[in-house]
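Colleague: Structure file final_19.csv (CSV, C-alpha atoms and all ligand atoms) right here:
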chain,number,residue,atom,x,y,z
A,19,MET,CA,134.2,118.9,98.2
A,20,THR,CA,137.2,116.6,98.2
A,21,ALA,CA,139.6,116.8,101.1
A,22,SER,CA,143.3,117.3,100.6
A,23,ILE,CA,145.4,114.3,101.3
A,24,ILE,CA,148.1,114.8,103.9
A,25,ASP,CA,151.2,113.1,102.5
A,26,GLY,CA,152.9,111.7,105.6
A,27,LYS,CA,155.4,109.8,103.4
A,28,ALA,CA,156.7,113.0,101.8
A,29,PHE,CA,156.8,114.9,105.1
A,30,ALA,CA,158.7,112.0,106.8
A,31,ALA,CA,161.2,111.9,103.9
A,32,GLY,CA,161.9,115.7,104.3
A,33,LEU,CA,162.2,115.2,108.1
A,34,ARG,CA,164.7,112.4,107.6
A,35,ALA,CA,166.8,114.5,105.2
A,36,ARG,CA,167.0,117.3,107.8
A,37,ILE,CA,167.9,114.7,110.5
A,38,ALA,CA,170.7,113.5,108.3
A,39,ASP,CA,172.1,117.0,108.1
A,40,HIS,CA,171.9,117.5,111.8
A,41,ALA,CA,173.4,114.0,112.4
A,42,ALA,CA,176.4,115.0,110.3
A,43,ALA,CA,176.8,118.3,112.2
A,44,PHE,CA,176.5,116.4,115.5
A,45,GLU,CA,179.4,114.1,114.5
A,46,GLN,CA,181.6,117.1,113.6
A,47,ALA,CA,180.8,118.8,117.0
A,48,ALA,CA,180.9,115.7,119.3
A,49,GLY,CA,183.6,113.7,117.5
A,50,ARG,CA,181.3,110.7,117.4
A,51,LYS,CA,178.1,109.5,115.8
A,52,ALA,CA,174.8,109.6,117.6
A,53,GLY,CA,173.8,106.0,118.5
A,54,LEU,CA,170.4,104.3,118.8
A,55,ALA,CA,170.1,100.8,120.4
A,56,VAL,CA,167.2,98.6,119.7
A,57,VAL,CA,166.4,95.5,121.8
A,58,LEU,CA,164.3,92.7,120.3
A,59,VAL,CA,163.2,89.8,122.5
A,60,GLY,CA,161.9,86.8,120.6
A,61,GLU,CA,160.9,86.3,117.0
A,62,ASP,CA,157.6,88.0,116.5
A,63,PRO,CA,157.5,88.6,112.7
A,64,ALA,CA,156.0,92.1,112.8
A,65,SER,CA,158.5,93.2,115.5
A,66,GLN,CA,161.4,91.8,113.4
A,67,VAL,CA,160.2,93.9,110.4
A,68,TYR,CA,159.9,97.0,112.6
A,69,VAL,CA,163.4,96.5,114.1
A,70,ARG,CA,165.0,95.9,110.7
A,71,SER,CA,163.4,99.0,109.3
A,72,LYS,CA,164.4,101.1,112.3
A,73,GLY,CA,168.0,99.9,112.0
A,74,LYS,CA,168.2,100.6,108.3
A,75,ALA,CA,166.7,104.1,108.7
A,76,THR,CA,169.1,104.9,111.6
A,77,LEU,CA,172.1,104.0,109.5
A,78,GLU,CA,170.7,105.9,106.4
A,79,CYS,CA,170.6,109.1,108.4
A,80,GLY,CA,174.2,108.8,109.6
A,81,MET,CA,173.7,107.4,113.1
A,82,ASN,CA,175.0,104.2,114.6
A,83,SER,CA,172.5,101.4,115.1
A,84,PHE,CA,173.1,98.8,117.8
A,85,GLU,CA,170.8,95.8,117.5
A,86,HIS,CA,170.5,93.4,120.5
A,87,LYS,CA,168.5,90.2,120.1
A,88,LEU,CA,167.5,88.0,122.9
A,89,PRO,CA,165.8,84.6,122.6
A,90,ALA,CA,162.0,84.5,123.3
A,91,ASP,CA,162.6,82.6,126.6
A,92,ALA,CA,165.2,85.2,127.9
A,93,ASP,CA,164.6,85.8,131.6
A,94,GLU,CA,163.9,89.2,133.1
A,95,ALA,CA,167.3,89.6,134.8
A,96,THR,CA,169.1,89.1,131.5
A,97,LEU,CA,166.9,91.8,129.8
A,98,LEU,CA,167.2,94.2,132.7
A,99,ALA,CA,171.0,93.7,132.7
A,100,LEU,CA,171.2,94.5,129.0
A,101,VAL,CA,169.2,97.7,129.5
A,102,GLU,CA,171.5,98.7,132.4
A,103,GLN,CA,174.5,98.0,130.2
A,104,LEU,CA,173.0,100.3,127.4
A,105,ASN,CA,172.2,103.0,130.0
A,106,ALA,CA,175.9,103.0,131.0
A,107,ASP,CA,177.2,103.0,127.4
A,108,PRO,CA,178.3,106.5,126.3
A,109,ALA,CA,178.0,105.5,122.6
A,110,VAL,CA,174.3,104.8,123.1
A,111,ASP,CA,172.1,107.9,123.1
A,112,GLY,CA,168.7,106.3,122.7
A,113,ILE,CA,167.3,102.9,123.8
A,114,LEU,CA,164.2,101.3,122.4
A,115,VAL,CA,162.9,98.0,123.6
A,116,GLN,CA,160.6,96.7,120.9
A,117,LEU,CA,157.1,95.9,122.3
A,118,PRO,CA,155.2,93.7,122.8
A,119,LEU,CA,157.5,91.6,125.0
A,120,PRO,CA,156.8,87.9,125.5
A,121,ALA,CA,154.1,87.5,128.1
A,122,HIS,CA,156.5,86.3,130.9
A,123,LEU,CA,158.3,89.7,130.9
A,124,ASP,CA,156.9,92.8,132.7
A,125,GLU,CA,156.9,95.6,130.2
A,126,GLN,CA,156.4,98.4,132.8
A,127,LYS,CA,159.4,97.1,134.8
A,128,VAL,CA,161.6,97.0,131.6
A,129,ILE,CA,160.5,100.5,130.6
A,130,ALA,CA,161.1,101.8,134.1
A,131,THR,CA,164.7,100.5,133.9
A,132,ILE,CA,165.6,102.7,130.8
A,133,ASN,CA,167.3,105.9,131.7
A,134,PRO,CA,164.6,108.5,131.0
A,135,ASP,CA,167.2,110.6,129.1
A,136,LYS,CA,167.7,107.7,126.7
A,137,ASP,CA,164.0,106.8,126.5
A,138,VAL,CA,163.5,107.9,122.9
A,139,ASP,CA,160.1,106.1,122.8
A,140,GLY,CA,158.9,108.4,125.5
A,141,PHE,CA,157.2,105.6,127.4
A,142,HIS,CA,158.9,106.0,130.8
A,143,VAL,CA,156.7,107.6,133.5
A,144,THR,CA,159.2,110.4,133.9
A,145,ASN,CA,158.7,111.4,130.3
A,146,ALA,CA,154.9,111.0,130.5
A,147,GLY,CA,155.1,113.3,133.6
A,148,ARG,CA,157.3,115.8,131.8
A,149,LEU,CA,154.8,116.0,128.9
A,150,ALA,CA,151.9,116.4,131.4
A,151,VAL,CA,153.6,119.4,133.1
A,152,GLY,CA,155.2,120.9,130.1
A,153,LEU,CA,158.8,120.1,130.7
A,154,PRO,CA,161.2,119.0,128.0
A,155,GLY,CA,161.5,115.3,127.7
A,156,PHE,CA,160.7,112.6,125.1
A,157,VAL,CA,157.3,112.4,123.5
A,158,PRO,CA,156.0,109.1,122.0
A,159,CYS,CA,156.9,109.1,118.3
A,160,THR,CA,153.4,108.4,116.8
A,161,PRO,CA,151.5,111.2,118.5
A,162,LEU,CA,154.4,113.7,118.0
A,163,GLY,CA,154.4,112.7,114.3
A,164,CYS,CA,150.6,113.4,114.2
A,165,LEU,CA,151.1,116.8,115.7
A,166,MET,CA,153.8,117.7,113.1
A,167,LEU,CA,151.4,116.8,110.3
A,168,LEU,CA,148.6,118.9,112.0
A,169,LYS,CA,150.8,122.0,112.4
A,170,ASP,CA,152.1,121.7,108.9
A,171,GLN,CA,148.5,121.5,107.6
A,172,LEU,CA,146.8,124.0,109.9
A,173,GLY,CA,149.5,126.3,111.3
A,174,ASN,CA,148.3,127.6,114.7
A,175,LEU,CA,146.0,125.1,116.4
A,176,SER,CA,144.9,127.4,119.3
A,177,GLY,CA,141.2,127.3,120.1
A,178,LEU,CA,140.4,124.4,117.8
A,179,ASP,CA,138.1,121.6,119.0
A,180,ALA,CA,140.1,118.4,118.9
A,181,VAL,CA,138.7,114.9,119.5
A,182,VAL,CA,141.1,112.0,120.1
A,183,ILE,CA,139.5,108.6,119.9
A,184,GLY,CA,141.6,106.2,122.0
A,185,ARG,CA,143.3,106.6,125.3
A,186,SER,CA,146.3,104.3,125.2
A,187,ASN,CA,149.5,105.4,126.9
A,188,ILE,CA,151.4,105.3,123.6
A,189,VAL,CA,149.0,107.2,121.3
A,190,GLY,CA,145.7,108.6,122.7
A,191,LYS,CA,146.9,110.1,126.0
A,192,PRO,CA,150.1,111.7,124.8
A,193,MET,CA,148.2,113.0,121.7
A,194,ALA,CA,145.7,114.7,123.9
A,195,GLN,CA,148.4,116.2,126.0
A,196,LEU,CA,150.2,117.6,122.9
A,197,LEU,CA,146.9,119.1,121.6
A,198,LEU,CA,146.2,120.6,125.0
A,199,ALA,CA,149.7,122.2,125.0
A,200,GLU,CA,148.8,123.7,121.6
A,201,SER,CA,145.7,125.3,123.3
A,202,CYS,CA,143.1,123.1,121.6
A,203,THR,CA,139.9,122.2,123.4
A,204,VAL,CA,140.5,118.5,123.8
A,205,THR,CA,138.0,115.6,124.2
A,206,ILE,CA,139.3,112.1,124.7
A,207,ALA,CA,136.9,109.4,123.5
A,208,HIS,CA,137.1,105.7,124.2
A,209,SER,CA,135.1,102.5,124.2
A,210,ARG,CA,132.7,103.8,126.9
A,211,THR,CA,132.0,107.2,125.3
A,212,LYS,CA,128.4,107.8,124.7
A,213,ASN,CA,127.2,109.1,121.3
A,214,LEU,CA,130.6,109.0,119.8
A,215,GLU,CA,129.3,110.2,116.5
A,216,ASP,CA,128.0,113.4,118.1
A,217,VAL,CA,131.3,113.9,119.9
A,218,VAL,CA,133.3,113.5,116.7
A,219,ARG,CA,130.9,115.8,114.8
A,220,ARG,CA,132.0,118.8,117.0
A,221,ALA,CA,135.7,118.4,116.1
A,222,ASP,CA,137.8,120.6,113.9
A,223,ILE,CA,140.6,118.0,114.4
A,224,VAL,CA,139.9,114.2,114.7
A,225,VAL,CA,142.7,111.8,115.7
A,226,ALA,CA,141.5,108.2,115.4
A,227,ALA,CA,143.7,105.7,117.3
A,228,VAL,CA,141.4,102.8,118.0
A,229,GLY,CA,142.4,99.7,116.1
A,230,ARG,CA,139.0,99.1,114.4
A,231,PRO,CA,138.9,99.0,110.6
A,232,GLU,CA,137.0,102.0,109.1
A,233,MET,CA,135.0,102.6,112.3
A,234,VAL,CA,134.8,106.4,111.9
A,235,LYS,CA,132.3,107.2,109.1
A,236,GLY,CA,132.3,110.1,106.8
A,237,SER,CA,128.9,111.2,108.2
A,238,TRP,CA,130.5,111.7,111.6
A,239,ILE,CA,133.0,114.3,110.3
A,240,LYS,CA,132.3,118.0,110.5
A,241,PRO,CA,132.7,119.5,107.0
A,242,GLY,CA,136.2,120.9,106.5
A,243,ALA,CA,137.7,119.1,109.6
A,244,THR,CA,141.2,117.7,109.6
A,245,VAL,CA,141.3,114.0,110.1
A,246,ILE,CA,144.4,112.1,111.3
A,247,ASP,CA,144.1,108.3,111.0
A,248,VAL,CA,146.5,106.4,113.2
A,249,GLY,CA,144.9,103.0,112.8
A,250,ILE,CA,146.7,100.2,110.9
A,251,ASN,CA,144.3,97.3,110.3
A,252,ARG,CA,144.6,94.5,107.9
A,253,LEU,CA,141.3,93.3,106.4
A,254,PRO,CA,140.8,89.6,105.7
A,255,PRO,CA,141.9,88.8,102.1
A,256,ALA,CA,139.3,89.3,99.5
A,257,GLU,CA,138.8,86.5,96.9
A,258,GLY,CA,141.9,86.2,94.8
A,259,GLU,CA,144.1,88.2,97.2
A,260,SER,CA,147.0,86.6,99.1
A,261,LYS,CA,146.7,89.1,101.9
A,262,GLY,CA,144.1,91.6,102.9
A,263,ARG,CA,144.2,95.4,102.3
A,264,LEU,CA,145.6,97.7,105.0
A,265,VAL,CA,143.0,100.2,106.2
A,266,GLY,CA,142.8,102.8,109.0
A,267,ASP,CA,140.3,103.5,111.7
A,268,VAL,CA,138.5,105.9,109.4
A,269,ASP,CA,136.4,105.2,106.3
A,270,TYR,CA,138.8,107.0,104.0
A,271,ALA,CA,136.6,107.1,100.9
A,272,GLN,CA,133.7,108.6,102.8
A,273,THR,CA,135.9,111.0,104.7
A,274,LEU,CA,137.5,112.4,101.5
A,275,GLU,CA,134.1,113.7,100.5
A,276,VAL,CA,133.6,115.7,103.7
A,277,ALA,CA,136.8,116.6,105.5
A,278,GLY,CA,139.2,119.5,104.7
A,279,ALA,CA,142.2,117.2,104.9
A,280,VAL,CA,142.9,113.5,105.8
A,281,THR,CA,145.8,111.2,106.2
A,282,PRO,CA,145.8,108.0,104.0
A,283,VAL,CA,146.6,104.5,105.3
A,284,PRO,CA,149.2,103.5,104.3
A,285,GLY,CA,151.3,106.6,103.7
A,286,GLY,CA,150.0,109.0,106.4
A,287,VAL,CA,150.9,108.6,110.0
A,288,GLY,CA,152.9,105.3,109.6
A,289,PRO,CA,156.0,106.8,108.0
A,290,MET,CA,156.1,109.6,110.6
A,291,THR,CA,156.7,107.2,113.4
A,292,ILE,CA,160.2,106.1,112.4
A,293,ALA,CA,161.2,109.6,111.3
A,294,VAL,CA,160.3,111.0,114.7
A,295,LEU,CA,162.1,108.1,116.5
A,296,LEU,CA,165.3,109.2,114.6
A,297,ARG,CA,164.6,112.8,115.6
A,298,ASN,CA,164.2,111.8,119.2
A,299,ALA,CA,167.5,109.9,119.1
A,300,LEU,CA,169.3,112.8,117.6
A,301,VAL,CA,167.9,115.2,120.3
A,302,ALA,CA,169.0,112.7,122.9
A,303,ALA,CA,172.5,112.6,121.5
A,304,HIS,CA,172.7,116.4,121.6
A,305,ARG,CA,171.5,116.5,125.2
A,306,ASN,CA,173.8,113.6,126.3
A,307,ALA,CA,176.9,115.1,124.7
A,308,GLY,CA,176.0,118.7,125.8
A,309,VAL,CA,176.1,119.9,122.2
A,310,ALA,CA,173.5,122.6,121.1
A,311,LEU,CA,171.1,121.6,118.4
A,312,ALA,CA,171.6,123.9,115.4
A,313,ASP,CA,168.4,125.4,113.9
B,1,LIG,P1,145.0,100.3,122.0
B,1,LIG,O1,144.3,99.0,121.7
B,1,LIG,O2,146.0,100.3,123.1
B,1,LIG,O3,143.9,101.4,122.4
B,1,LIG,C1,142.7,101.5,121.6
B,1,LIG,C2,141.8,102.5,122.2
B,1,LIG,O4,140.7,102.6,121.4
B,1,LIG,C3,141.4,102.3,123.6
B,1,LIG,O5,141.5,103.4,124.4
B,1,LIG,C4,140.0,101.8,123.5
B,1,LIG,O6,139.1,102.2,124.5
B,1,LIG,C5,139.5,102.6,122.2
B,1,LIG,N1,138.4,101.9,121.6
B,1,LIG,C6,138.3,100.6,121.3
B,1,LIG,N2,137.1,100.4,120.7
B,1,LIG,C7,136.4,101.6,120.7
B,1,LIG,C8,135.2,102.0,120.2
B,1,LIG,N3,134.3,101.1,119.7
B,1,LIG,N4,134.8,103.3,120.3
B,1,LIG,C9,135.7,104.2,120.8
B,1,LIG,N5,136.9,103.8,121.3
B,1,LIG,C10,137.3,102.5,121.2
B,1,LIG,O7,145.6,100.7,120.7
B,1,LIG,P2,146.9,101.7,120.3
B,1,LIG,O8,146.6,103.1,120.9
B,1,LIG,O9,148.1,101.1,120.6
B,1,LIG,O10,146.7,101.8,118.7
B,1,LIG,C11,145.6,102.2,118.1
B,1,LIG,C12,145.7,102.0,116.6
B,1,LIG,O11,146.8,102.7,116.1
B,1,LIG,C13,145.9,100.5,116.2
B,1,LIG,O12,145.3,100.3,114.9
B,1,LIG,C14,147.4,100.4,116.0
B,1,LIG,O13,147.8,99.4,115.0
B,1,LIG,C15,147.7,101.8,115.4
B,1,LIG,N6,149.1,102.3,115.7
B,1,LIG,C16,149.7,102.9,114.6
B,1,LIG,C17,151.0,103.4,114.7
B,1,LIG,C18,151.6,104.0,113.6
B,1,LIG,O14,152.8,104.1,113.5
B,1,LIG,N7,150.8,104.5,112.6
B,1,LIG,C19,151.7,103.3,116.0
B,1,LIG,C20,150.9,102.8,117.1
B,1,LIG,C21,149.6,102.3,116.9
B,1,LIG,P3,139.3,101.6,126.0
B,1,LIG,O15,140.5,102.3,126.6
B,1,LIG,O16,138.0,102.1,126.7
B,1,LIG,O17,139.4,100.2,125.9
Mind turning the file's structure into structure tokens?
Ligand code: NDP
Modeller:
Amino acid sequence: MTASIIDGKAFAAGLRARIADHAAAFEQAAGRKAGLAVVLVGEDPASQVYVRSKGKATLECGMNSFEHKLPADADEATLLALVEQLNADPAVDGILVQLPLPAHLDEQKVIATINPDKDVDGFHVTNAGRLAVGLPGFVPCTPLGCLMLLKDQLGNLSGLDAVVIGRSNIVGKPMAQLLLAESCTVTIAHSRTKNLEDVVRRADIVVAAVGRPEMVKGSWIKPGATVIDVGINRLPPAEGESKGRLVGDVDYAQTLEVAGAVTPVPGGVGPMTIAVLLRNALVAAHRNAGVALAD
């Protein structure tokens, strides 16, 4: 048996096209473009790449992108004042502070300063609480993207056994909440879980968000299960390579032989994250402007 490959890149492209249509309709209705502000502190190369691609994608789908760069040694008061200024700016619907922040800045304090109704990353405790109790809010982009791929692949998820490996606030925990809201029977595994293989073997749905290259083996997967690989890990370069291959948390070649469907790395979950960020920004714009979102 060979699993079907879940094409996150194609799904994300379709989502971005729909967002562009909605962004144009929003501009007509509200008399202004939706706007997303991204704040980058310091010069971390990976963060610079993410911020650039978020800005480009925002403009491509017809929204305004506001980029704010602060030096690596910016103090907390300066960053918090910038966030407050963006909170008060009616042209800014969504605010994203690129993480990680330099070590001298308190991430939780910065996130807590963002107006929850502009918190398009869904990291504010108010949005985590809204997700936990089933109120509308903003859900972190990566797990929401995983859920979209799962529903597209499987339709109704009700009653399925789901195992989420990883319990971070940005991926594992919100993923588990989303699956619970879909009436899955959810198990959250982590570094202290005993007999992880046996736990994973029960699952109709496996979401791996660990950060350990190819940790989940094909032999752990229940035949026919759907496997979502969130991990992005770069292997050390092999001989003759300038940089190493990107792999997920799942042994992809082995899993292809057993699973019903699996996301590749790259080209699976990764492209969904920015597409969902744009979706969240557009939803924020509609809510902030009091404009109904067309179907
Ligand atoms: P974290 O490091 O915050 O969390 C990792 C989780 O994995 C923790 O809960 C940890 O358990 C658990 N874990 C670690 N080792 C094991 C093990 N041996 N067995 C079982 N569980 C283990 O990572 P993130 O959630 O931020 O990210 C996870 C992965 O997803 C990374 O590879 C990251 O690069 C990728 N990622 C990809 C995104 C995308 O857009 N595709 C977006 C965000 C992340 P414990 O809590 O006990 O320490």
Colleague: If I take CA of Leu104 (chain A) and CA of Leu153 (chain A), how far is one from the other in Å, to one decimal?
Modeller: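 These atoms are spaced 24.6 Å apart.
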Colleague: To one decimal place, how far is CA of Gln66 (chain A) from CA of Gln116 (chain A) in Å?
Modeller: 9.0 Å
Colleague: Any chance you could tabulate, as CSV, the residues of chain A at most 8 Å from ligand LIG 1 (chain B) with each one's nearest atom pair and distance in Å to one decimal, using all atoms listed in the file, in chain and rising number order?
Modeller:
residue,atom,partner,partner_atom,distance
A:Thr160,CA,B:LIG1,C19,5.4
A:Ile183,CA,B:LIG1,N5,5.6
A:Gly184,CA,B:LIG1,O5,3.7
A:Arg185,CA,B:LIG1,O5,3.8
A:Ser186,CA,B:LIG1,O8,4.5
A:Asn187,CA,B:LIG1,O8,7.0
A:Ile188,CA,B:LIG1,O8,5.9
A:Val189,CA,B:LIG1,O8,4.8
A:Gly190,CA,B:LIG1,O8,5.9
A:Ala207,CA,B:LIG1,C9,6.0
A:His208,CA,B:LIG1,N5,3.5
A:Ser209,CA,B:LIG1,N5,3.7
A:Arg210,CA,B:LIG1,O16,5.6
A:Thr211,CA,B:LIG1,C9,6.6
A:Leu214,CA,B:LIG1,C9,7.1
A:Ala226,CA,B:LIG1,C12,7.6
A:Ala227,CA,B:LIG1,C11,4.1
A:Val228,CA,B:LIG1,O4,3.5
A:Gly229,CA,B:LIG1,O12,3.2
A:Arg230,CA,B:LIG1,O12,6.4
A:Pro231,CA,B:LIG1,O12,7.8
A:Met233,CA,B:LIG1,N3,7.6
A:Asp247,CA,B:LIG1,N7,7.9
A:Val248,CA,B:LIG1,O11,4.7
A:Gly249,CA,B:LIG1,O12,3.4
A:Ile250,CA,B:LIG1,O12,4.2
A:Asn251,CA,B:LIG1,O12,5.6
A:Gly266,CA,B:LIG1,O12,6.9
A:Asp267,CA,B:LIG1,O12,6.7
A:Gly286,CA,B:LIG1,N7,7.7
A:Val287,CA,B:LIG1,N7,4.9
A:Gly288,CA,B:LIG1,N7,3.7
A:Pro289,CA,B:LIG1,O14,6.9
A:Met290,CA,B:LIG1,O14,7.0
A:Thr291,CA,B:LIG1,O14,5.0
A:Ile292,CA,B:LIG1,O14,7.7
Colleague: Write the selection just made, keeping C-alpha atoms, as a compact mmCIF listing (two decimals), in the frame of the given file?
Modeller:
# COMPACT_ATOMS: atom_id res chain seq x y z
CA THR A 160 153.40 108.40 116.80
CA ILE A 183 139.50 108.60 119.90
CA GLY A 184 141.60 106.20 122.00
CA ARG A 185 143.30 106.60 125.30
CA SER A 186 146.30 104.30 125.20
CA ASN A 187 149.50 105.40 126.90
CA ILE A 188 151.40 105.30 123.60
CA VAL A 189 149.00 107.20 121.30
CA GLY A 190 145.70 108.60 122.70
CA ALA A 207 136.90 109.40 123.50
CA HIS A 208 137.10 105.70 124.20
CA SER A 209 135.10 102.50 124.20
CA ARG A 210 132.70 103.80 126.90
CA THR A 211 132.00 107.20 125.30
CA LEU A 214 130.60 109.00 119.80
CA ALA A 226 141.50 108.20 115.40
CA ALA A 227 143.70 105.70 117.30
CA VAL A 228 141.40 102.80 118.00
CA GLY A 229 142.40 99.70 116.10
CA ARG A 230 139.00 99.10 114.40
CA PRO A 231 138.90 99.00 110.60
CA MET A 233 135.00 102.60 112.30
CA ASP A 247 144.10 108.30 111.00
CA VAL A 248 146.50 106.40 113.20
CA GLY A 249 144.90 103.00 112.80
CA ILE A 250 146.70 100.20 110.90
CA ASN A 251 144.30 97.30 110.30
CA GLY A 266 142.80 102.80 109.00
CA ASP A 267 140.30 103.50 111.70
CA GLY A 286 150.00 109.00 106.40
CA VAL A 287 150.90 108.60 110.00
CA GLY A 288 152.90 105.30 109.60
CA PRO A 289 156.00 106.80 108.00
CA MET A 290 156.10 109.60 110.60
CA THR A 291 156.70 107.20 113.40
CA ILE A 292 160.20 106.10 112.40
Colleague: What does the distance from CA of Ser176 (chain A) to CA of Val224 (chain A) come to in Å, to one decimal?
Modeller: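 Atom-to-atom, CA of Ser176 (chain A) to CA of Val224 (chain A), that is 14.8 Å.
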Colleague: For Arg305 (chain A), work out the shell of residues within 9 Å, counting only C-alpha atoms and skipping chain neighbours fewer than 5 positions away, then give it as a PyMOL selection string.
Modeller: chain A and resi 111+135+300+310-311
Colleague: Can you work out which one of A:Ala90, A:Gly278, A:Lys169, A:Val283 has the shortest atom-to-atom distance to Arg263 (chain A), counting all atoms listed in the file?
Modeller: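 Counting all atoms listed in the file, the residue closest to Arg263 (chain A) is A:Val283.
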Colleague: What residues have an atom no more than 10 Å from (154.8, 122.4, 128.6) in the file's own frame, counting all atoms listed in the file, and can you write them as a PyMOL selection string?
Modeller: chain A and resi 148-155+195-196+198-200
Colleague: Determine, counting only C-alpha atoms, which protein, DNA and RNA residues have an atom within 7 Å of an atom of region 33-38 of chain A; residues of the same chain fewer than 2 positions away are not included. Present the result as a ChimeraX atom specification.
Modeller: /A:29-31,40-42,79-80,293,297
Colleague: List as a list in words the protein and nucleic acid residues near Ala55 (chain A), meaning an atom at most 6 Å away when only C-alpha atoms are counted, but skip any in the same chain fewer than 6 places from it.
Modeller: Ser83, Phe84, Glu85 and Ile113 of chain A
Colleague: Residues near Val57 (chain A), anyone? I mean within 12 Å using only C-alpha atoms, not counting same-chain ones fewer than 5 positions away, as a PDB file with C-alpha atoms, in the coordinates of the input.
Modeller:
ATOM      1  CA  SER A  65     158.500  93.200 115.500  1.00  0.00           C
ATOM      2  CA  GLN A  66     161.400  91.800 113.400  1.00  0.00           C
ATOM      3  CA  TYR A  68     159.900  97.000 112.600  1.00  0.00           C
ATOM      4  CA  VAL A  69     163.400  96.500 114.100  1.00  0.00           C
ATOM      5  CA  ARG A  70     165.000  95.900 110.700  1.00  0.00           C
ATOM      6  CA  LYS A  72     164.400 101.100 112.300  1.00  0.00           C
ATOM      7  CA  GLY A  73     168.000  99.900 112.000  1.00  0.00           C
ATOM      8  CA  SER A  83     172.500 101.400 115.100  1.00  0.00           C
ATOM      9  CA  PHE A  84     173.100  98.800 117.800  1.00  0.00           C
ATOM     10  CA  GLU A  85     170.800  95.800 117.500  1.00  0.00           C
ATOM     11  CA  HIS A  86     170.500  93.400 120.500  1.00  0.00           C
ATOM     12  CA  LYS A  87     168.500  90.200 120.100  1.00  0.00           C
ATOM     13  CA  LEU A  88     167.500  88.000 122.900  1.00  0.00           C
ATOM     14  CA  PRO A  89     165.800  84.600 122.600  1.00  0.00           C
ATOM     15  CA  ALA A  90     162.000  84.500 123.300  1.00  0.00           C
ATOM     16  CA  THR A  96     169.100  89.100 131.500  1.00  0.00           C
ATOM     17  CA  LEU A  97     166.900  91.800 129.800  1.00  0.00           C
ATOM     18  CA  LEU A  98     167.200  94.200 132.700  1.00  0.00           C
ATOM     19  CA  ALA A  99     171.000  93.700 132.700  1.00  0.00           C
ATOM     20  CA  LEU A 100     171.200  94.500 129.000  1.00  0.00           C
ATOM     21  CA  VAL A 101     169.200  97.700 129.500  1.00  0.00           C
ATOM     22  CA  GLN A 103     174.500  98.000 130.200  1.00  0.00           C
ATOM     23  CA  LEU A 104     173.000 100.300 127.400  1.00  0.00           C
ATOM     24  CA  GLY A 112     168.700 106.300 122.700  1.00  0.00           C
ATOM     25  CA  ILE A 113     167.300 102.900 123.800  1.00  0.00           C
ATOM     26  CA  LEU A 114     164.200 101.300 122.400  1.00  0.00           C
ATOM     27  CA  VAL A 115     162.900  98.000 123.600  1.00  0.00           C
ATOM     28  CA  GLN A 116     160.600  96.700 120.900  1.00  0.00           C
ATOM     29  CA  LEU A 117     157.100  95.900 122.300  1.00  0.00           C
ATOM     30  CA  PRO A 118     155.200  93.700 122.800  1.00  0.00           C
ATOM     31  CA  LEU A 119     157.500  91.600 125.000  1.00  0.00           C
ATOM     32  CA  VAL A 128     161.600  97.000 131.600  1.00  0.00           C
ATOM     33  CA  ILE A 129     160.500 100.500 130.600  1.00  0.00           C
ATOM     34  CA  ILE A 132     165.600 102.700 130.800  1.00  0.00           C
TER      35      ILE A 132
END
Colleague: For Val181 (chain A), find every residue with an atom within 10 Å (counting all atoms listed in the file), except residues of its own chain fewer than 6 positions away, and show them as a PyMOL selection string.
Modeller: chain A and resi 190+193-194+197+202-207+217-226+245
